[in-house]
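**Student:** Dumping the structure here so I can ask a few things about it.
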Amino acid sequence: MIGRLPPLNALRAFEAAARLASFKKAADELAVTPTAISHQIRLLEELLGVPLFVRRTRAVALTVEGEAMWPKLHEGFGCLAAAVVAVRGQAAGAVVTLCAPPSFAARWLVPRLGALARAHPEIDLRVSSSVGMVDGLERGNEAADAYDLAVRYGRGEYAGRQVELLFSPDYVAVCSPSLLAGSPPLRTPADLRQFTLIRDATVPEIGERPGWSEWLAAAGVDDADLPGPSPRFEDAALAVEAAIAGHGIALAARPLVSADLAVGRLAMPFAVAIPSRHAYYVTWSGSTPERPTAALMRDWLVRAAAAERAPPPRPRARKRRA
């Protein structure tokens, strides 16, 4: 079928003339003469056996056949242009594809994209998110192998792939700042009995992800008197959004909410934190780091994540007045 298509120059001339409603404007765009445009369109009409334009003294208009043909042809040239742009980017090595768990992509990576652009404007990053990057939801490396880099949440054991630790998060209770100023009061962990506890069921294996019972035990609270049924999300990012909206208290990985805590979208009412048995890792196939921009992206992820592994600064002691 492709071998029987009319000449590309004739199709380009028709597309431009139809889009601009002018042979002269099409000639200017394609850097040829109006006579050349007219010749190419007439050739196309002869090959198709139908008129495509109604010629008037100072204007042209599409025929019914021309109207039927132009949209798909316009779309086709757009696809061709997109393909060329993509190949040029790949040839330059600028495009880096990365897949990550939805919560990591939305809550950790997105707030830091500005810093990435300032540090490495040459990186053309393409981000995809998949729950398959969480251990237990999808075994194997098939999904990760389709990308230059993959951020995985799990134990760090990924056969056939290079692995580097980003951070192992600790989990803290977070809520909307409005809850701290409202009623009932939220002053001690025991006060959580009066609030909705938002639950995150992202990691399916029991005991692999810290839960409310474990956090409350660390806070010295008996969970026997906890509230009844509460919202449960299979996406950690949605659980955090529910907390931001004031629907209750969420248990969240601190690095994934550090940007929200910094700008006051979330508050951390208690200092209690429990470690995770899992960690976030950046992984890649053996050949990926050889591409300069992919290696730059990997190294930037490691450096940016290093700040999450550092202990938070201690508050300064207030000077006593003499």
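Letters A, B, ... mark the chains of the structure tokens in the order given; residue numbers begin at 1 per chain; ligand numbers begin at 1, in order shown.
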If we count only C-alpha atoms and set the cut-off at 7 Å, which residues sit around A:Ala267, ignoring sequence neighbours fewer than 5 positions away in its own chain? Please answer as a ChimeraX atom specification.

**Tutor:** /A:174-177,261

**Student:** Could you write out that same residue set with N, CA and C atoms as a PDB file, in the first residue's frame?

**Tutor:**
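Dumped everything to selection18.pdb:
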ATOM      1  N   VAL A 174       1.163  12.172  59.183  1.00  0.00           N
ATOM      2  CA  VAL A 174       1.014  13.505  58.595  1.00  0.00           C
ATOM      3  C   VAL A 174      -0.471  13.830  58.448  1.00  0.00           C
ATOM      4  N   CYS A 175      -0.749  15.132  58.461  1.00  0.00           N
ATOM      5  CA  CYS A 175      -2.138  15.568  58.335  1.00  0.00           C
ATOM      6  C   CYS A 175      -2.172  16.989  57.801  1.00  0.00           C
ATOM      7  N   SER A 176      -3.362  17.448  57.513  1.00  0.00           N
ATOM      8  CA  SER A 176      -3.534  18.846  57.121  1.00  0.00           C
ATOM      9  C   SER A 176      -3.270  19.746  58.330  1.00  0.00           C
ATOM     10  N   PRO A 177      -2.573  20.871  58.135  1.00  0.00           N
ATOM     11  CA  PRO A 177      -2.345  21.787  59.270  1.00  0.00           C
ATOM     12  C   PRO A 177      -3.642  22.245  59.921  1.00  0.00           C
ATOM     13  N   LEU A 261       5.712  19.068  53.501  1.00  0.00           N
ATOM     14  CA  LEU A 261       5.975  19.571  54.850  1.00  0.00           C
ATOM     15  C   LEU A 261       6.693  20.920  54.803  1.00  0.00           C
TER      16      LEU A 261
END

**Student:** Mind checking which residues fall within 6 Å of stretch 195-197 of chain A, counting only C-alpha atoms, ignoring those fewer than 3 positions away in the same chain, and posting them as a list in words?

**Tutor:**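 That gives Leu192, Gly248 and Ile249 of chain A.
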
**Student:** Please produce a file of the residues just selected, as a compact mmCIF listing (two decimals), in the first residue's frame, where the atoms kept are N, CA and C atoms.

**Tutor:**
# COMPACT_ATOMS: atom_id res chain seq x y z
N LEU A 192 -5.23 10.30 68.52
CA LEU A 192 -5.57 9.74 67.22
C LEU A 192 -6.81 8.85 67.27
N GLY A 248 -8.24 13.06 57.27
CA GLY A 248 -7.74 12.21 58.32
C GLY A 248 -6.24 12.29 58.41
N ILE A 249 -5.66 11.31 59.12
CA ILE A 249 -4.21 11.25 59.33
C ILE A 249 -3.67 10.11 58.50

**Student:** If we count only C-alpha atoms, what is near stretch 131-136 of chain A at a cut-off of 6 Å, once residues fewer than 6 positions away on the same chain are taken out, given as a PyMOL selection string?

**Tutor:** chain A and resi 100-101+152-154

**Student:** Please run DSSP on the backbone and report, as number ranges by chain, all residues within stretch 162-310 of chain A that come out as alpha helix (DSSP H).

**Tutor:** A: 177-181, 212-218, 236-244, 254-263, 292-309

**Student:** Generate the output file for the selected residues, N, CA and C atoms, as a tab-separated table (two decimals), in the first residue's frame.

**Tutor:**
chain	number	residue	atom	x	y	z
A	177	PRO	N	-2.57	20.87	58.14
A	177	PRO	CA	-2.34	21.79	59.27
A	177	PRO	C	-3.64	22.25	59.92
A	178	SER	N	-4.74	22.23	59.17
A	178	SER	CA	-6.01	22.67	59.73
A	178	SER	C	-6.47	21.79	60.89
A	179	LEU	N	-6.08	20.50	60.87
A	179	LEU	CA	-6.50	19.61	61.95
A	179	LEU	C	-5.83	19.98	63.27
A	180	LEU	N	-4.65	20.56	63.20
A	180	LEU	CA	-3.93	20.91	64.43
A	180	LEU	C	-4.61	22.06	65.16
A	181	ALA	N	-5.30	22.90	64.41
A	181	ALA	CA	-5.94	24.06	65.03
A	181	ALA	C	-7.42	23.84	65.30
A	212	TRP	N	-0.28	1.20	60.75
A	212	TRP	CA	-0.67	2.00	61.90
A	212	TRP	C	-0.44	1.27	63.23
A	213	SER	N	-0.68	-0.03	63.25
A	213	SER	CA	-0.48	-0.76	64.51
A	213	SER	C	0.96	-0.66	64.98
A	214	GLU	N	1.89	-0.78	64.04
A	214	GLU	CA	3.31	-0.70	64.38
A	214	GLU	C	3.68	0.72	64.82
A	215	TRP	N	3.15	1.72	64.11
A	215	TRP	CA	3.46	3.11	64.49
A	215	TRP	C	2.90	3.44	65.87
A	216	LEU	N	1.66	3.04	66.12
A	216	LEU	CA	1.03	3.33	67.41
A	216	LEU	C	1.76	2.63	68.55
A	217	ALA	N	2.24	1.41	68.30
A	217	ALA	CA	3.01	0.71	69.34
A	217	ALA	C	4.28	1.48	69.65
A	218	ALA	N	4.94	2.00	68.61
A	218	ALA	CA	6.15	2.80	68.84
A	218	ALA	C	5.84	4.08	69.59
A	236	ALA	N	-0.11	5.16	47.39
A	236	ALA	CA	0.32	5.99	48.51
A	236	ALA	C	0.11	7.46	48.23
A	237	ALA	N	0.25	7.88	46.96
A	237	ALA	CA	0.05	9.28	46.62
A	237	ALA	C	-1.38	9.72	46.90
A	238	LEU	N	-2.36	8.84	46.68
A	238	LEU	CA	-3.76	9.18	46.95
A	238	LEU	C	-4.00	9.27	48.46
A	239	ALA	N	-3.35	8.40	49.22
A	239	ALA	CA	-3.50	8.48	50.68
A	239	ALA	C	-2.99	9.81	51.19
A	240	VAL	N	-1.88	10.29	50.66
A	240	VAL	CA	-1.34	11.58	51.07
A	240	VAL	C	-2.28	12.71	50.65
A	241	GLU	N	-2.82	12.63	49.45
A	241	GLU	CA	-3.75	13.67	48.99
A	241	GLU	C	-4.97	13.74	49.89
A	242	ALA	N	-5.44	12.58	50.36
A	242	ALA	CA	-6.58	12.57	51.29
A	242	ALA	C	-6.22	13.28	52.58
A	243	ALA	N	-4.99	13.10	53.05
A	243	ALA	CA	-4.56	13.79	54.27
A	243	ALA	C	-4.47	15.29	54.03
A	244	ILE	N	-3.92	15.69	52.88
A	244	ILE	CA	-3.83	17.11	52.56
A	244	ILE	C	-5.21	17.74	52.53
A	254	ARG	N	8.51	9.59	54.91
A	254	ARG	CA	8.91	10.98	55.11
A	254	ARG	C	9.52	11.63	53.85
A	255	PRO	N	10.42	10.93	53.13
A	255	PRO	CA	11.00	11.59	51.95
A	255	PRO	C	9.96	11.96	50.89
A	256	LEU	N	8.87	11.21	50.82
A	256	LEU	CA	7.86	11.47	49.80
A	256	LEU	C	6.94	12.63	50.17
A	257	VAL	N	7.01	13.08	51.41
A	257	VAL	CA	6.17	14.22	51.81
A	257	VAL	C	7.02	15.40	52.29
A	258	SER	N	8.34	15.31	52.14
A	258	SER	CA	9.20	16.38	52.65
A	258	SER	C	8.91	17.71	51.96
A	259	ALA	N	8.60	17.68	50.66
A	259	ALA	CA	8.28	18.93	49.95
A	259	ALA	C	6.98	19.53	50.47
A	260	ASP	N	5.98	18.68	50.76
A	260	ASP	CA	4.70	19.17	51.29
A	260	ASP	C	4.87	19.71	52.70
A	261	LEU	N	5.71	19.07	53.50
A	261	LEU	CA	5.97	19.57	54.85
A	261	LEU	C	6.69	20.92	54.80
A	262	ALA	N	7.60	21.07	53.83
A	262	ALA	CA	8.39	22.30	53.75
A	262	ALA	C	7.53	23.51	53.40
A	263	VAL	N	6.49	23.31	52.57
A	263	VAL	CA	5.67	24.45	52.15
A	263	VAL	C	4.39	24.58	52.98
A	292	PRO	N	25.84	9.11	28.18
A	292	PRO	CA	26.16	10.18	29.13
A	292	PRO	C	24.95	10.74	29.86
A	293	THR	N	23.85	11.04	29.13
A	293	THR	CA	22.71	11.66	29.81
A	293	THR	C	22.02	10.70	30.76
A	294	ALA	N	21.99	9.41	30.43
A	294	ALA	CA	21.39	8.43	31.35
A	294	ALA	C	22.22	8.33	32.62
A	295	ALA	N	23.55	8.36	32.46
A	295	ALA	CA	24.43	8.32	33.63
A	295	ALA	C	24.28	9.58	34.47
A	296	LEU	N	24.13	10.74	33.81
A	296	LEU	CA	23.91	11.99	34.54
A	296	LEU	C	22.63	11.93	35.35
A	297	MET	N	21.57	11.39	34.75
A	297	MET	CA	20.29	11.30	35.44
A	297	MET	C	20.40	10.37	36.64
A	298	ARG	N	21.06	9.23	36.46
A	298	ARG	CA	21.25	8.30	37.57
A	298	ARG	C	22.03	8.96	38.70
A	299	ASP	N	23.13	9.64	38.37
A	299	ASP	CA	23.95	10.27	39.41
A	299	ASP	C	23.21	11.39	40.11
A	300	TRP	N	22.36	12.13	39.36
A	300	TRP	CA	21.58	13.20	39.99
A	300	TRP	C	20.57	12.60	40.98
A	301	LEU	N	19.94	11.50	40.62
A	301	LEU	CA	19.00	10.85	41.53
A	301	LEU	C	19.70	10.44	42.83
A	302	VAL	N	20.90	9.88	42.68
A	302	VAL	CA	21.63	9.43	43.87
A	302	VAL	C	22.00	10.61	44.76
A	303	ARG	N	22.47	11.71	44.14
A	303	ARG	CA	22.85	12.88	44.95
A	303	ARG	C	21.64	13.50	45.63
A	304	ALA	N	20.55	13.65	44.87
A	304	ALA	CA	19.36	14.26	45.45
A	304	ALA	C	18.79	13.41	46.58
A	305	ALA	N	18.87	12.09	46.42
A	305	ALA	CA	18.34	11.19	47.45
A	305	ALA	C	19.22	11.16	48.68
A	306	ALA	N	20.52	11.48	48.51
A	306	ALA	CA	21.43	11.45	49.66
A	306	ALA	C	20.97	12.40	50.75
A	307	ALA	N	20.34	13.50	50.37
A	307	ALA	CA	19.84	14.46	51.36
A	307	ALA	C	18.75	13.83	52.23
A	308	GLU	N	18.01	12.87	51.66
A	308	GLU	CA	16.95	12.21	52.42
A	308	GLU	C	17.52	11.22	53.42
A	309	ARG	N	18.76	10.79	53.19
A	309	ARG	CA	19.38	9.84	54.13
A	309	ARG	C	20.06	10.55	55.28

**Student:** With distances taken over only C-alpha atoms, which of A:Leu73, A:Leu20, A:Ile274, A:Val54 is nearest to A:Pro6?

**Tutor:** A:Leu73

**Student:** Would you pick out the contacts of A:Phe14 at 9 Å or less, using only C-alpha atoms, so that residues sharing its chain but fewer than 6 positions from it are not included, and give the list as an NGL selection string?

**Tutor:** :A and (23 or 26 or 37 or 40-41 or 44 or 52 or 66 or 70)

**Student:** Go ahead and save the residues from that selection, with C-alpha atoms, as an mmCIF file, in the first residue's frame.

**Tutor:**
data_model
loop_
_atom_site.group_PDB
_atom_site.id
_atom_site.type_symbol
_atom_site.label_atom_id
_atom_site.label_comp_id
_atom_site.auth_asym_id
_atom_site.auth_seq_id
_atom_site.Cartn_x
_atom_site.Cartn_y
_atom_site.Cartn_z
ATOM 1 C CA PHE A 23 -1.090 28.355 -3.133
ATOM 2 C CA ALA A 26 2.065 27.269 0.742
ATOM 3 C CA ILE A 37 2.751 24.220 -5.866
ATOM 4 C CA GLN A 40 2.337 19.376 -7.728
ATOM 5 C CA ILE A 41 -1.349 19.652 -6.816
ATOM 6 C CA LEU A 44 -1.850 14.756 -7.403
ATOM 7 C CA LEU A 52 -9.036 18.625 -4.803
ATOM 8 C CA GLY A 66 -10.160 17.528 -0.677
ATOM 9 C CA TRP A 70 -6.828 16.752 4.294
#

**Student:** Would you mind telling me which residue in A:Gln162, A:Thr57, A:Ser130, A:Ser183 lies nearest to A:Ser103 when using only C-alpha atoms?

**Tutor:**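 Among the listed residues, the smallest separation from A:Ser103 belongs to A:Ser130.
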
**Student:** Fewer than 5 positions away in the same chain doesn't count, so skip those; otherwise give me all residues within 12 Å of A:Asp28, counting only C-alpha atoms, as number ranges by chain.

**Tutor:** A: 13, 16-17, 20, 22-23, 33-37

**Student:** Please return as number ranges by chain: the residues of stretch 183-269 of chain A that backbone DSSP assigns to strand (DSSP E).

**Tutor:** A: 197-200, 232-233, 249-253
